[in-house]
Amino acid sequence: MPPGPSVLIVAIVRNVLLNSFTEQLKARADQLGFVLGGVTLAAAPHRLQHFHTWLDAGYAGQMQYLSDRREAYAHPRHVLDGCRSILMLALPYAPIEDSTGGRQASTVGKVAKYAQGSIDYHDVIHDRLKELKRWLLERHPRAAVRGVVDTAPLLERELAEAAGLGWVGKNTLLLNRQWGSTFFLAALLTDLELQPDEPYEKGYCGTCTACLDACPTSAFPAPFVLDATKCISYLTIEHREAIDPTLRQRLDGWVFGCDVCQEVCPWNRYTAKTRDNDCLTPEFEPRKDLTQLDLLDALELTEEQFRQRFRKTPLWRAKRRGLLRNAILIAGTRRLPETREALQRLIHDAEPLIQHAAQWALQQYEP
């Protein structure tokens with residue numbers, strides 16, 4: 001028998017309330033600066049096997065924390081027990097200009113755009129997620145809620161695609177037709193039922209391979225697949241040891257991160273001209289000393305100076321040893337006469353990684 005009128009009325013009222021609260025939650029997120037917001041129901045990620053295949057291929061390099069939590073990625077309930085819904089969010093950072101064909105001073109190193117702000121994005125976004133969580137709990141005090149920013153075992157890009165925020169591009173980044181790829185992803189997990197959005201089922205990369213072709217280290221073995229062990233972002237941040245000799249001279253001037261695959265993306269070129277940058281978070285405004293990092297200054301950094309200058313920024317993750325290693329390799333590749341004296345001092349640095357890099361760099365000056 002079909003449901004009676006009373007059952008239908010209850011269902012209609014329930015859906016109205018569900019839609020209303022979901023929209024109110026999104027509106028509050030928008031007030032907090034999140035320019036994109038969409039809901040997906042908690043479920044096993046549709047690209048979970050792709051993730052496992054990627055791990056098994058060794059493409060994660062030294063990011064052992066990914067393999068260590070391999071099974072936790074199977075379902076969002078491993079991040080929040082009883083999770084039923086996930087609100088995926090995006091917070092933009094400054095648009096990227098194409099520097100691949102531009103000229104740059106030889107003593108300048110490049111820092112990825114996302115890391116040029118005055119404060120680490122994790123701290124900024126966590127504060128906003130706490131406010132959003134507070135707002136939700138005021139209305140549903142017994143709800144379970146957790147906000148995360150790329151540190152929990154979640155496949156954020158796949159979840160964001162399922163929530164309708166964009167599509168995963170050939171460079172493995174999430175792309176949106178209004179914002180390109182220059183935004184941070186965050187997630188608010190809850191055991192409440194929220195109204196899900198339609199997934200982003202169509203990609204708009206087409207036949208374009210600009211990102212794959214432009215990568216200085218050929219880090220894409222195939223479209224939609226990144227070999228992190230060759231990626232400049234991984235090498236300059238996550239890799240803690242000496243960089244492979246075959247890759248040292250292909251860092252392309254990057255001392256922290258890399259934007260090449262985003263710089264050449266047509267969607268970022270388009271959105272850089274059309275997007276509304278008035279909503280840019282003040283903490284993400286690029287610092288002058290990070291838009292072009294002076295290699296001469298970097299090579300003189302002591303541990304204390306590094307701490308004072310970069311403690312609250314994303315560059316802190318590389319530590320002094322990583323940042324100086326990168327700066328040294330770039331100086332050696334360019335054979336900068338201005339840096340030779342500093343390199344000679346650094347072969348006696350207390351940090352073996354820096355010693356090794358300085359010795360290699362000085363060898364590049366030899367005829």
# chains A, B, ... in the order shown; residues from 1 in each chain; ligands from 1
$ residues_around --residues "Val124 (chain A)" --least-positions-apart "2" --cutoff "12 Å" --atoms "only C-alpha atoms" --output "short mmCIF file (atom, residue, chain, number, x, y, z; two decimals) with N, CA and C atoms, in the first residue's frame"
data_model
loop_
_atom_site.label_atom_id
_atom_site.label_comp_id
_atom_site.auth_asym_id
_atom_site.auth_seq_id
_atom_site.Cartn_x
_atom_site.Cartn_y
_atom_site.Cartn_z
N LEU A 32 31.93 33.15 7.03
CA LEU A 32 33.27 32.95 7.59
C LEU A 32 34.36 32.96 6.51
N GLY A 33 33.96 33.18 5.26
CA GLY A 33 34.94 33.32 4.19
C GLY A 33 35.10 32.13 3.28
N PHE A 34 34.38 31.06 3.54
CA PHE A 34 34.46 29.89 2.66
C PHE A 34 33.63 30.17 1.40
N LEU A 91 38.49 27.69 0.90
CA LEU A 91 38.90 29.04 1.28
C LEU A 91 40.00 29.47 0.31
N PRO A 92 39.81 30.57 -0.42
CA PRO A 92 40.77 30.92 -1.48
C PRO A 92 42.04 31.58 -0.96
N TYR A 93 43.11 31.42 -1.72
CA TYR A 93 44.31 32.22 -1.51
C TYR A 93 44.59 33.00 -2.78
N GLY A 117 51.66 33.65 2.65
CA GLY A 117 50.95 34.43 3.65
C GLY A 117 51.72 34.55 4.95
N SER A 118 51.18 35.36 5.85
CA SER A 118 51.86 35.64 7.11
C SER A 118 51.62 34.58 8.18
N ILE A 119 50.57 33.77 8.00
CA ILE A 119 50.20 32.75 8.99
C ILE A 119 49.90 31.45 8.29
N ASP A 120 50.27 30.35 8.88
CA ASP A 120 49.99 29.02 8.32
C ASP A 120 48.49 28.86 8.12
N TYR A 121 48.12 28.39 6.94
CA TYR A 121 46.70 28.25 6.62
C TYR A 121 45.96 27.30 7.56
N HIS A 122 46.66 26.32 8.10
CA HIS A 122 46.01 25.40 9.04
C HIS A 122 45.41 26.17 10.22
N HIS A 126 41.44 26.39 10.88
CA HIS A 126 40.96 25.73 12.09
C HIS A 126 40.13 26.69 12.94
N ASP A 127 40.57 27.94 13.03
CA ASP A 127 39.81 28.93 13.80
C ASP A 127 38.41 29.11 13.22
N ARG A 128 38.31 29.12 11.90
CA ARG A 128 37.00 29.31 11.28
C ARG A 128 36.13 28.07 11.41
N LEU A 129 36.75 26.91 11.34
CA LEU A 129 35.99 25.68 11.53
C LEU A 129 35.47 25.58 12.97
N LYS A 130 36.25 26.05 13.93
CA LYS A 130 35.79 26.05 15.32
C LYS A 130 34.56 26.94 15.47
N GLU A 131 34.58 28.07 14.78
CA GLU A 131 33.42 28.97 14.85
C GLU A 131 32.20 28.33 14.20
N VAL A 148 38.32 19.43 10.04
CA VAL A 148 39.68 19.00 9.72
C VAL A 148 40.21 19.74 8.50
N VAL A 149 41.53 19.90 8.48
CA VAL A 149 42.23 20.56 7.36
C VAL A 149 43.43 19.70 6.98
N PHE A 184 42.17 26.39 -0.50
CA PHE A 184 42.40 25.32 0.46
C PHE A 184 41.09 24.58 0.67
N ALA A 186 38.72 22.18 3.22
CA ALA A 186 38.49 21.84 4.62
C ALA A 186 37.21 21.03 4.69
N THR A 281 41.36 36.30 2.40
CA THR A 281 41.68 36.39 3.82
C THR A 281 42.94 37.21 4.03
N PRO A 282 42.92 38.23 4.90
CA PRO A 282 44.09 39.10 5.10
C PRO A 282 45.37 38.32 5.41
N GLU A 283 45.24 37.24 6.18
CA GLU A 283 46.44 36.46 6.54
C GLU A 283 47.07 35.79 5.33
N PHE A 284 46.32 35.67 4.23
CA PHE A 284 46.86 35.03 3.03
C PHE A 284 47.43 36.03 2.03
N LYS A 312 55.50 30.84 12.24
CA LYS A 312 54.06 30.75 12.07
C LYS A 312 53.62 30.61 10.61
N THR A 313 54.57 30.41 9.71
CA THR A 313 54.25 30.31 8.29
C THR A 313 54.34 28.85 7.83
N PRO A 314 53.81 28.54 6.64
CA PRO A 314 53.93 27.18 6.11
C PRO A 314 55.38 26.74 5.93
#
$ select_by_dssp --residues "region 74-276 of chain A" --states "helix (DSSP H, G or I)" --output "MDAnalysis selection string"
chainID A and resid 74 76:78 113:115 121:139 156:162 210:214 228:230 232:238 245:248 260:263 266:274
$ residues_around --residues "Trp54 (chain A)" --least-positions-apart "5" --cutoff "10 Å" --atoms "only C-alpha atoms" --output "list in words"
Leu48, Gln49, Tyr59, Ala60, Val225, Leu226, Asp227 and Ala228 of chain A
$ closest_residue --among "A:Tyr73, A:Ile232, A:Arg47, A:Gly180" --to "Glu158 (chain A)" --atoms "only C-alpha atoms"
A:Arg47
$ residues_around --residues "Trp135 (chain A)" --least-positions-apart "5" --cutoff "9 Å" --atoms "only C-alpha atoms" --output "PyMOL selection string"
chain A and resi 25+28+130+140
$ residues_around --residues "Ala357 (chain A)" --least-positions-apart "2" --cutoff "7 Å" --atoms "only C-alpha atoms" --output "VMD selection string"
chain A and resid 325 328 to 329 353 to 355 359 to 361
$ write_last_selection --atoms "all heavy atoms" --output "PDB file, in the first residue's frame"
ATOM      1  N   ARG A 325      68.839  23.531   2.321  1.00  0.00           N
ATOM      2  CA  ARG A 325      69.200  22.542   1.298  1.00  0.00           C
ATOM      3  C   ARG A 325      68.692  22.989  -0.061  1.00  0.00           C
ATOM      4  O   ARG A 325      69.437  22.973  -1.054  1.00  0.00           O
ATOM      5  CB  ARG A 325      68.592  21.190   1.655  1.00  0.00           C
ATOM      6  CG  ARG A 325      68.779  20.103   0.579  1.00  0.00           C
ATOM      7  CD  ARG A 325      67.758  18.988   0.719  1.00  0.00           C
ATOM      8  NE  ARG A 325      66.393  19.495   0.623  1.00  0.00           N
ATOM      9  CZ  ARG A 325      65.319  18.774   0.913  1.00  0.00           C
ATOM     10  NH1 ARG A 325      65.438  17.517   1.306  1.00  0.00           N
ATOM     11  NH2 ARG A 325      64.108  19.306   0.806  1.00  0.00           N
ATOM     12  N   ILE A 328      70.517  26.112  -1.354  1.00  0.00           N
ATOM     13  CA  ILE A 328      71.881  25.749  -1.745  1.00  0.00           C
ATOM     14  C   ILE A 328      71.896  25.088  -3.122  1.00  0.00           C
ATOM     15  O   ILE A 328      72.741  25.410  -3.967  1.00  0.00           O
ATOM     16  CB  ILE A 328      72.506  24.802  -0.684  1.00  0.00           C
ATOM     17  CG1 ILE A 328      72.790  25.572   0.601  1.00  0.00           C
ATOM     18  CG2 ILE A 328      73.778  24.158  -1.223  1.00  0.00           C
ATOM     19  CD1 ILE A 328      73.137  24.663   1.772  1.00  0.00           C
ATOM     20  N   LEU A 329      70.966  24.167  -3.351  1.00  0.00           N
ATOM     21  CA  LEU A 329      70.924  23.469  -4.636  1.00  0.00           C
ATOM     22  C   LEU A 329      70.630  24.436  -5.782  1.00  0.00           C
ATOM     23  O   LEU A 329      71.191  24.303  -6.877  1.00  0.00           O
ATOM     24  CB  LEU A 329      69.874  22.362  -4.596  1.00  0.00           C
ATOM     25  CG  LEU A 329      70.123  21.228  -3.587  1.00  0.00           C
ATOM     26  CD1 LEU A 329      69.009  20.192  -3.669  1.00  0.00           C
ATOM     27  CD2 LEU A 329      71.476  20.577  -3.818  1.00  0.00           C
ATOM     28  N   LEU A 353      72.831  17.353   6.289  1.00  0.00           N
ATOM     29  CA  LEU A 353      72.107  17.552   5.034  1.00  0.00           C
ATOM     30  C   LEU A 353      72.572  18.833   4.342  1.00  0.00           C
ATOM     31  O   LEU A 353      72.739  18.869   3.115  1.00  0.00           O
ATOM     32  CB  LEU A 353      70.598  17.621   5.301  1.00  0.00           C
ATOM     33  CG  LEU A 353      69.704  17.768   4.067  1.00  0.00           C
ATOM     34  CD1 LEU A 353      69.775  16.520   3.195  1.00  0.00           C
ATOM     35  CD2 LEU A 353      68.259  18.044   4.483  1.00  0.00           C
ATOM     36  N   ILE A 354      72.799  19.873   5.130  1.00  0.00           N
ATOM     37  CA  ILE A 354      73.266  21.145   4.579  1.00  0.00           C
ATOM     38  C   ILE A 354      74.715  21.012   4.112  1.00  0.00           C
ATOM     39  O   ILE A 354      75.090  21.520   3.046  1.00  0.00           O
ATOM     40  CB  ILE A 354      73.118  22.263   5.633  1.00  0.00           C
ATOM     41  CG1 ILE A 354      71.630  22.519   5.899  1.00  0.00           C
ATOM     42  CG2 ILE A 354      73.819  23.544   5.186  1.00  0.00           C
ATOM     43  CD1 ILE A 354      71.351  23.511   7.005  1.00  0.00           C
ATOM     44  N   GLN A 355      75.533  20.325   4.871  1.00  0.00           N
ATOM     45  CA  GLN A 355      76.922  20.083   4.462  1.00  0.00           C
ATOM     46  C   GLN A 355      76.971  19.396   3.096  1.00  0.00           C
ATOM     47  O   GLN A 355      77.709  19.819   2.195  1.00  0.00           O
ATOM     48  CB  GLN A 355      77.626  19.197   5.491  1.00  0.00           C
ATOM     49  CG  GLN A 355      77.838  19.801   6.856  1.00  0.00           C
ATOM     50  CD  GLN A 355      78.486  18.796   7.801  1.00  0.00           C
ATOM     51  OE1 GLN A 355      79.098  17.809   7.375  1.00  0.00           O
ATOM     52  NE2 GLN A 355      78.351  19.026   9.091  1.00  0.00           N
ATOM     53  N   GLN A 359      78.521  20.964  -0.393  1.00  0.00           N
ATOM     54  CA  GLN A 359      79.630  20.323  -1.102  1.00  0.00           C
ATOM     55  C   GLN A 359      79.277  20.087  -2.561  1.00  0.00           C
ATOM     56  O   GLN A 359      80.090  20.331  -3.462  1.00  0.00           O
ATOM     57  CB  GLN A 359      79.973  19.000  -0.403  1.00  0.00           C
ATOM     58  CG  GLN A 359      80.610  19.178   0.968  1.00  0.00           C
ATOM     59  CD  GLN A 359      80.661  17.898   1.772  1.00  0.00           C
ATOM     60  OE1 GLN A 359      80.157  16.850   1.334  1.00  0.00           O
ATOM     61  NE2 GLN A 359      81.241  17.947   2.968  1.00  0.00           N
ATOM     62  N   TRP A 360      78.071  19.621  -2.812  1.00  0.00           N
ATOM     63  CA  TRP A 360      77.633  19.399  -4.195  1.00  0.00           C
ATOM     64  C   TRP A 360      77.574  20.716  -4.966  1.00  0.00           C
ATOM     65  O   TRP A 360      78.024  20.798  -6.108  1.00  0.00           O
ATOM     66  CB  TRP A 360      76.256  18.738  -4.213  1.00  0.00           C
ATOM     67  CG  TRP A 360      75.709  18.556  -5.588  1.00  0.00           C
ATOM     68  CD1 TRP A 360      75.923  17.497  -6.428  1.00  0.00           C
ATOM     69  CD2 TRP A 360      74.870  19.474  -6.309  1.00  0.00           C
ATOM     70  NE1 TRP A 360      75.263  17.702  -7.627  1.00  0.00           N
ATOM     71  CE2 TRP A 360      74.609  18.898  -7.573  1.00  0.00           C
ATOM     72  CE3 TRP A 360      74.309  20.718  -6.003  1.00  0.00           C
ATOM     73  CZ2 TRP A 360      73.821  19.534  -8.537  1.00  0.00           C
ATOM     74  CZ3 TRP A 360      73.520  21.354  -6.960  1.00  0.00           C
ATOM     75  CH2 TRP A 360      73.283  20.762  -8.205  1.00  0.00           C
ATOM     76  N   ALA A 361      77.029  21.756  -4.317  1.00  0.00           N
ATOM     77  CA  ALA A 361      76.885  23.041  -4.985  1.00  0.00           C
ATOM     78  C   ALA A 361      78.240  23.618  -5.380  1.00  0.00           C
ATOM     79  O   ALA A 361      78.409  24.146  -6.483  1.00  0.00           O
ATOM     80  CB  ALA A 361      76.127  24.019  -4.074  1.00  0.00           C
TER      81      ALA A 361
END
$ select_by_dssp --residues "region 27-157 of chain A" --states "strand (DSSP E)" --output "compact mmCIF listing (two decimals) with C-alpha atoms, in the first residue's frame"
# COMPACT_ATOMS: atom_id res chain seq x y z
CA LEU A 36 32.51 27.13 -1.82
CA GLY A 37 30.46 24.72 0.24
CA GLY A 38 28.79 21.42 -0.57
CA VAL A 39 27.56 18.36 1.29
CA THR A 40 28.23 14.71 0.61
CA LEU A 41 27.00 11.76 2.62
CA SER A 85 27.42 13.93 6.49
CA ILE A 86 30.42 15.99 5.44
CA LEU A 87 30.33 19.66 4.54
CA MET A 88 33.26 20.27 2.19
CA LEU A 89 34.53 23.84 2.08
CA ALA A 90 37.00 25.95 0.12
CA LEU A 91 38.90 29.04 1.28
CA PRO A 92 40.77 30.92 -1.48
CA VAL A 108 65.77 35.03 -6.02
CA GLY A 109 64.10 31.76 -5.09
CA LYS A 110 60.43 30.99 -5.62
CA VAL A 111 57.87 30.13 -2.93
CA VAL A 145 31.11 17.46 14.96
CA ARG A 146 34.73 17.62 13.85
CA GLY A 147 36.50 20.07 11.55
CA VAL A 148 39.68 19.00 9.72
$ closest_residue --among "A:Val264, A:Leu290, A:Leu324, A:Ala222" --to "Phe306 (chain A)" --atoms "only C-alpha atoms"
A:Leu324
$ closest_residue --among "A:Leu323, A:Leu137, A:Leu173, A:Leu154" --to "Arg240 (chain A)" --atoms "only C-alpha atoms"
A:Leu323
$ residues_around --residues "Asn268 (chain A)" --least-positions-apart "3" --cutoff "10 Å" --atoms "only C-alpha atoms" --output "list in words"
Pro95, Ile96, Glu97, Asp98, Leu175, Asn176, Arg177, Gln178, Trp179, Gly180, Ser181, Thr182, Cys261, Gln262, Glu263, Val264, Cys265, Thr271, Ala272, Lys273, Thr274 and Arg275 of chain A
$ closest_residue --among "A:Tyr114, A:Trp316, A:Trp267, A:Phe256" --to "Gly166 (chain A)" --atoms "only C-alpha atoms"
A:Trp267
$ residues_around --residues "region 191-199 of chain A" --least-positions-apart "4" --cutoff "12 Å" --atoms "only C-alpha atoms" --output "number ranges by chain"
A: 14-26, 37-42, 46, 76-77, 79-88, 136-137, 139-146, 157-168, 203
